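> To start, I am sharing the structure in question, which I have written as structure tokens.
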Amino acid sequence: MCNDLFSIGPVTIHTYGLFVAIGIIAAYIVTERRGKKLGVDVSHLDSLAFCFVISGFVGSKCLYFLTRIQDILKDPSVVSNLLDGWVVWGGIIGGLIGGYVYCRIHHMDFWQQVDLIIPSVALAQGFGRLGCFFAGCCYGVETHGWWGVVFPEGSLAPAGIPLVPTQLLCSLFDFALFFFLLFLVKKKKDMFEGEVAVWYLMLYCIGRFVIEFYRGDLIRGGLEGLSTSQIISLIMFALAAALLVYLPRRQKALRNK
């Protein structure tokens with residue numbers, strides 16, 4: 001695994017950043033094509049996608065700082081490091097909040113837009129996790145199974161120890177979730193606005209909750225043996241289940257007005 005691809009003067013191109021960029025670009029292209037095919041207004045897609053990405057990065061960084069609040073109290077300089085330390089759930093929540101605010105300001109149907117965008121979020125996550133693998137972050141627990149991956153010196157993961165490749169498991173799950181959501185939209189014609197987003201949340205919560213048991217990197221907070229991401233997964237699953245009941249009723253009520 002190699003996170004440093006090449007350098008141009010003082011600028012170093014990292015594999016992690018490259019895969020994140022590929023994921024964002026691929027997500028945008030897929031979203032635009034799907035929007036035109038489905039007849040959804042994509043005139044705001046550039047601005048909306050920018051809002052999702054920026055608010056997602058902010059949310060990811062803020063949640064990371066929250067998980068390290070004890071370290072920050074001891075050494076406030078931790079906050080000055082803006083290049084390392086991200087939490088995916090913070091990115092998802094931040095992106096949804098930013099997208100909601102944008103849609104409210106521009107009088108757009110948030111649930112229609114998020115249904116269009118959310119499969120591509122899973123696609124971007126799949127590429128991002130490949131970047132994690134090359135960087136060695138988000139690594140798994142030690143294993144003696146054939147699937148173990150040994151990271152080299154200089155990686156963020158412990159070197160010379162076979163570890164569960166949780167980054168690849170996450171990536172495979174994210175790509176599978178992307179294709180499932182596309183299949184769902186294609187096969188299910190009577191979907192309510194927001195249903196794709198609900199399925200994404202519920203399935204992502206389940207997958208993330210399970211994979212977290214095999215994570216071996218620094219515990220990111222948590223209670224009763226559960227990581228912060230697992231606790232958030234439980235909360236978001238409950239919220240998604242509530243939306244599964246509320247959104248179709250809301251849509252029916254709007255139609256009857």
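Labeling convention for the structure tokens: chains A, B, ... as they appear, residues from 1 per chain, ligands from 1 in order of appearance.
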Report as JSON lines: every residue of range 154-239 of chain A with an atom at most 12 Å from range 27-39 of chain A, its closest pair of atoms, and their distance in Å to one decimal, counting only C-alpha atoms, with rows sorted by chain and ascending residue number.

{"residue": "A:Phe175", "atom": "CA", "partner": "A:Ala27", "partner_atom": "CA", "distance": 11.7}
{"residue": "A:Phe178", "atom": "CA", "partner": "A:Ala27", "partner_atom": "CA", "distance": 10.3}
{"residue": "A:Phe179", "atom": "CA", "partner": "A:Val30", "partner_atom": "CA", "distance": 11.8}
{"residue": "A:Leu182", "atom": "CA", "partner": "A:Arg34", "partner_atom": "CA", "distance": 9.5}
{"residue": "A:Val185", "atom": "CA", "partner": "A:Leu38", "partner_atom": "CA", "distance": 10.1}
{"residue": "A:Lys186", "atom": "CA", "partner": "A:Leu38", "partner_atom": "CA", "distance": 10.2}
{"residue": "A:Lys189", "atom": "CA", "partner": "A:Leu38", "partner_atom": "CA", "distance": 11.8}
> Going by DSSP on the backbone, which bits of range 43-203 of chain A are strand (DSSP E or B)? Write them as a list in words, please.
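Here are the strand (DSSP E or B) residues of range 43-203 of chain A: Gly140, Glu142, Val149, Phe151, Ala159 and Leu163 of chain A.
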> Can you pull out the residues contacting Gln251 in chain A? Cut-off 9 Å, using only C-alpha atoms, and skip same-chain residues under 5 positions away; I want them as a ChimeraX atom specification.
/A:192-193,246,256
> Identify all residues of range 13-174 of chain A in alpha helix (DSSP H) (DSSP on the backbone) and supply them as a PyMOL selection string.
chain A and resi 15-38+45-67+69-74+88-105+110-135+166-174
> May I have the selected residues written with C-alpha atoms, as an mmCIF file, in the first residue's frame?

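Result file out00.cif:
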data_model
loop_
_atom_site.group_PDB
_atom_site.id
_atom_site.type_symbol
_atom_site.label_atom_id
_atom_site.label_comp_id
_atom_site.auth_asym_id
_atom_site.auth_seq_id
_atom_site.Cartn_x
_atom_site.Cartn_y
_atom_site.Cartn_z
ATOM 1 C CA THR A 15 -3.664 8.125 -3.017
ATOM 2 C CA TYR A 16 -6.326 8.819 -0.387
ATOM 3 C CA GLY A 17 -7.073 12.270 -1.775
ATOM 4 C CA LEU A 18 -7.054 10.933 -5.330
ATOM 5 C CA PHE A 19 -9.680 8.301 -4.564
ATOM 6 C CA VAL A 20 -11.824 10.828 -2.694
ATOM 7 C CA ALA A 21 -11.665 13.098 -5.743
ATOM 8 C CA ILE A 22 -12.523 10.203 -8.078
ATOM 9 C CA GLY A 23 -15.471 9.323 -5.851
ATOM 10 C CA ILE A 24 -16.842 12.877 -5.854
ATOM 11 C CA ILE A 25 -16.476 13.242 -9.631
ATOM 12 C CA ALA A 26 -18.039 9.829 -10.303
ATOM 13 C CA ALA A 27 -20.899 10.629 -7.929
ATOM 14 C CA TYR A 28 -21.604 13.915 -9.709
ATOM 15 C CA ILE A 29 -21.574 12.346 -13.190
ATOM 16 C CA VAL A 30 -23.870 9.496 -12.151
ATOM 17 C CA THR A 31 -26.264 11.864 -10.367
ATOM 18 C CA GLU A 32 -26.510 14.213 -13.349
ATOM 19 C CA ARG A 33 -27.172 11.372 -15.795
ATOM 20 C CA ARG A 34 -29.755 9.764 -13.533
ATOM 21 C CA GLY A 35 -31.482 13.088 -12.959
ATOM 22 C CA LYS A 36 -31.878 13.761 -16.681
ATOM 23 C CA LYS A 37 -33.075 10.217 -17.290
ATOM 24 C CA LEU A 38 -35.643 10.404 -14.479
ATOM 25 C CA LEU A 45 -27.065 20.246 -9.158
ATOM 26 C CA ASP A 46 -23.720 22.081 -9.289
ATOM 27 C CA SER A 47 -24.549 24.308 -6.326
ATOM 28 C CA LEU A 48 -26.388 21.593 -4.418
ATOM 29 C CA ALA A 49 -23.537 19.098 -4.852
ATOM 30 C CA PHE A 50 -21.038 21.750 -3.716
ATOM 31 C CA CYS A 51 -23.205 22.421 -0.658
ATOM 32 C CA PHE A 52 -23.404 18.696 0.152
ATOM 33 C CA VAL A 53 -19.636 18.246 -0.178
ATOM 34 C CA ILE A 54 -18.616 21.313 1.845
ATOM 35 C CA SER A 55 -21.153 20.767 4.640
ATOM 36 C CA GLY A 56 -20.211 17.090 4.620
ATOM 37 C CA PHE A 57 -16.535 17.858 5.136
ATOM 38 C CA VAL A 58 -17.384 20.329 7.892
ATOM 39 C CA GLY A 59 -19.667 17.822 9.624
ATOM 40 C CA SER A 60 -17.051 15.085 9.327
ATOM 41 C CA LYS A 61 -14.363 17.269 10.880
ATOM 42 C CA CYS A 62 -16.629 18.555 13.668
ATOM 43 C CA LEU A 63 -17.627 15.047 14.724
ATOM 44 C CA TYR A 64 -13.965 14.008 14.684
ATOM 45 C CA PHE A 65 -13.133 16.878 17.046
ATOM 46 C CA LEU A 66 -15.993 15.842 19.327
ATOM 47 C CA THR A 67 -14.608 12.314 19.564
ATOM 48 C CA ILE A 69 -12.509 16.399 22.978
ATOM 49 C CA GLN A 70 -10.353 15.060 25.832
ATOM 50 C CA ASP A 71 -7.210 15.288 23.683
ATOM 51 C CA ILE A 72 -8.159 18.794 22.556
ATOM 52 C CA LEU A 73 -8.585 19.953 26.153
ATOM 53 C CA LYS A 74 -5.064 18.723 26.889
ATOM 54 C CA VAL A 88 -17.955 9.399 7.893
ATOM 55 C CA TRP A 89 -21.152 9.709 9.912
ATOM 56 C CA GLY A 90 -20.368 13.369 10.506
ATOM 57 C CA GLY A 91 -20.011 13.803 6.757
ATOM 58 C CA ILE A 92 -23.344 12.116 6.047
ATOM 59 C CA ILE A 93 -25.232 14.114 8.669
ATOM 60 C CA GLY A 94 -23.492 17.373 7.739
ATOM 61 C CA GLY A 95 -24.189 16.810 4.054
ATOM 62 C CA LEU A 96 -27.882 16.132 4.662
ATOM 63 C CA ILE A 97 -28.231 19.234 6.841
ATOM 64 C CA GLY A 98 -26.460 21.402 4.268
ATOM 65 C CA GLY A 99 -28.580 19.974 1.462
ATOM 66 C CA TYR A 100 -31.779 20.552 3.433
ATOM 67 C CA VAL A 101 -30.894 24.182 4.107
ATOM 68 C CA TYR A 102 -30.066 24.733 0.429
ATOM 69 C CA CYS A 103 -33.344 23.180 -0.702
ATOM 70 C CA ARG A 104 -35.327 25.278 1.769
ATOM 71 C CA ILE A 105 -33.667 28.487 0.591
ATOM 72 C CA PHE A 110 -35.507 18.112 -0.448
ATOM 73 C CA TRP A 111 -36.660 14.490 -0.479
ATOM 74 C CA GLN A 112 -36.766 14.351 -4.265
ATOM 75 C CA GLN A 113 -33.250 15.752 -4.471
ATOM 76 C CA VAL A 114 -31.803 13.526 -1.753
ATOM 77 C CA ASP A 115 -33.350 10.450 -3.408
ATOM 78 C CA LEU A 116 -31.523 11.409 -6.586
ATOM 79 C CA ILE A 117 -28.189 12.064 -4.867
ATOM 80 C CA ILE A 118 -28.025 9.405 -2.139
ATOM 81 C CA PRO A 119 -27.093 6.378 -4.310
ATOM 82 C CA SER A 120 -24.102 8.374 -5.545
ATOM 83 C CA VAL A 121 -23.121 9.060 -1.937
ATOM 84 C CA ALA A 122 -22.645 5.310 -1.500
ATOM 85 C CA LEU A 123 -20.600 5.266 -4.710
ATOM 86 C CA ALA A 124 -18.334 8.058 -3.460
ATOM 87 C CA GLN A 125 -17.928 6.283 -0.126
ATOM 88 C CA GLY A 126 -16.832 3.127 -1.933
ATOM 89 C CA PHE A 127 -13.985 4.991 -3.641
ATOM 90 C CA GLY A 128 -13.132 6.850 -0.442
ATOM 91 C CA ARG A 129 -12.681 3.602 1.458
ATOM 92 C CA LEU A 130 -10.243 2.407 -1.197
ATOM 93 C CA GLY A 131 -8.274 5.529 -0.373
ATOM 94 C CA CYS A 132 -8.404 4.532 3.297
ATOM 95 C CA PHE A 133 -6.913 1.159 2.374
ATOM 96 C CA PHE A 134 -3.917 2.709 0.610
ATOM 97 C CA ALA A 135 -3.369 5.162 3.478
ATOM 98 C CA THR A 166 -12.039 -3.422 7.081
ATOM 99 C CA GLN A 167 -11.432 -0.673 4.506
ATOM 100 C CA LEU A 168 -12.020 -3.149 1.672
ATOM 101 C CA LEU A 169 -15.052 -4.610 3.458
ATOM 102 C CA CYS A 170 -16.523 -1.111 3.756
ATOM 103 C CA SER A 171 -15.713 -0.348 0.130
ATOM 104 C CA LEU A 172 -17.329 -3.565 -1.102
ATOM 105 C CA PHE A 173 -20.393 -2.896 1.036
ATOM 106 C CA ASP A 174 -20.687 0.708 -0.218
#
> Rounded to one decimal in Å, what is the spacing between CA of Val40 in chain A and CA of Asp109 in chain A?
10.5 Å
> For Val150 in chain A, work out the shell of residues within 8 Å, counting only C-alpha atoms and skipping chain neighbours fewer than 3 positions away, then give it as a ChimeraX atom specification.
/A:159-163
> Point out the residue among A:Leu177, A:Val87, A:Val42, A:Ile8 with the least atom-to-atom distance to Ile232 in chain A, counting only C-alpha atoms.
A:Val87
> Just the residues within 6 Å of Phe237 in chain A, please, counting only C-alpha atoms, with nothing from its chain fewer than 3 positions along; format it as a list in words.
Met202, Cys205, Ser233, Leu234 and Ala240 of chain A
> Write a file of the just-selected residues containing all heavy atoms, as a CSV table (one decimal), in the first residue's frame.

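Saved result, part_33.csv, follows:
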chain,number,residue,atom,x,y,z
A,202,MET,N,-31.0,3.0,6.5
A,202,MET,CA,-31.2,1.7,7.2
A,202,MET,C,-30.1,0.7,6.9
A,202,MET,O,-29.6,0.1,7.8
A,202,MET,CB,-32.6,1.2,6.9
A,202,MET,CG,-33.7,2.1,7.4
A,202,MET,SD,-35.4,1.4,7.2
A,202,MET,CE,-35.4,0.2,8.5
A,205,CYS,N,-26.6,1.8,8.1
A,205,CYS,CA,-26.5,1.6,9.5
A,205,CYS,C,-26.2,0.2,9.9
A,205,CYS,O,-25.3,-0.1,10.8
A,205,CYS,CB,-27.9,2.0,10.2
A,205,CYS,SG,-28.2,3.8,10.3
A,233,SER,N,-25.1,4.9,14.5
A,233,SER,CA,-25.9,3.9,13.6
A,233,SER,C,-27.2,3.5,14.2
A,233,SER,O,-28.2,3.4,13.5
A,233,SER,CB,-25.0,2.7,13.3
A,233,SER,OG,-23.9,3.1,12.5
A,234,LEU,N,-27.2,3.2,15.5
A,234,LEU,CA,-28.4,2.8,16.1
A,234,LEU,C,-29.4,4.0,16.1
A,234,LEU,O,-30.6,3.8,15.9
A,234,LEU,CB,-28.1,2.4,17.6
A,234,LEU,CG,-27.3,1.1,17.8
A,234,LEU,CD1,-27.0,0.9,19.2
A,234,LEU,CD2,-28.1,-0.1,17.2
A,240,ALA,N,-34.5,6.5,10.7
A,240,ALA,CA,-34.9,6.0,9.3
A,240,ALA,C,-36.2,5.2,9.4
A,240,ALA,O,-37.0,5.3,8.5
A,240,ALA,CB,-33.8,5.2,8.7
> What's the separation between CA of Asp217 in chain A and CA of His144 in chain A, in Å to one decimal place?
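Answer for the CA of Asp217 in chain A to CA of His144 in chain A separation: 17.3 Å.
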> Which is closest to Leu239 in chain A among A:Ala197, A:Leu184, A:Ala176, A:Val164, if we use only C-alpha atoms?
A:Ala197
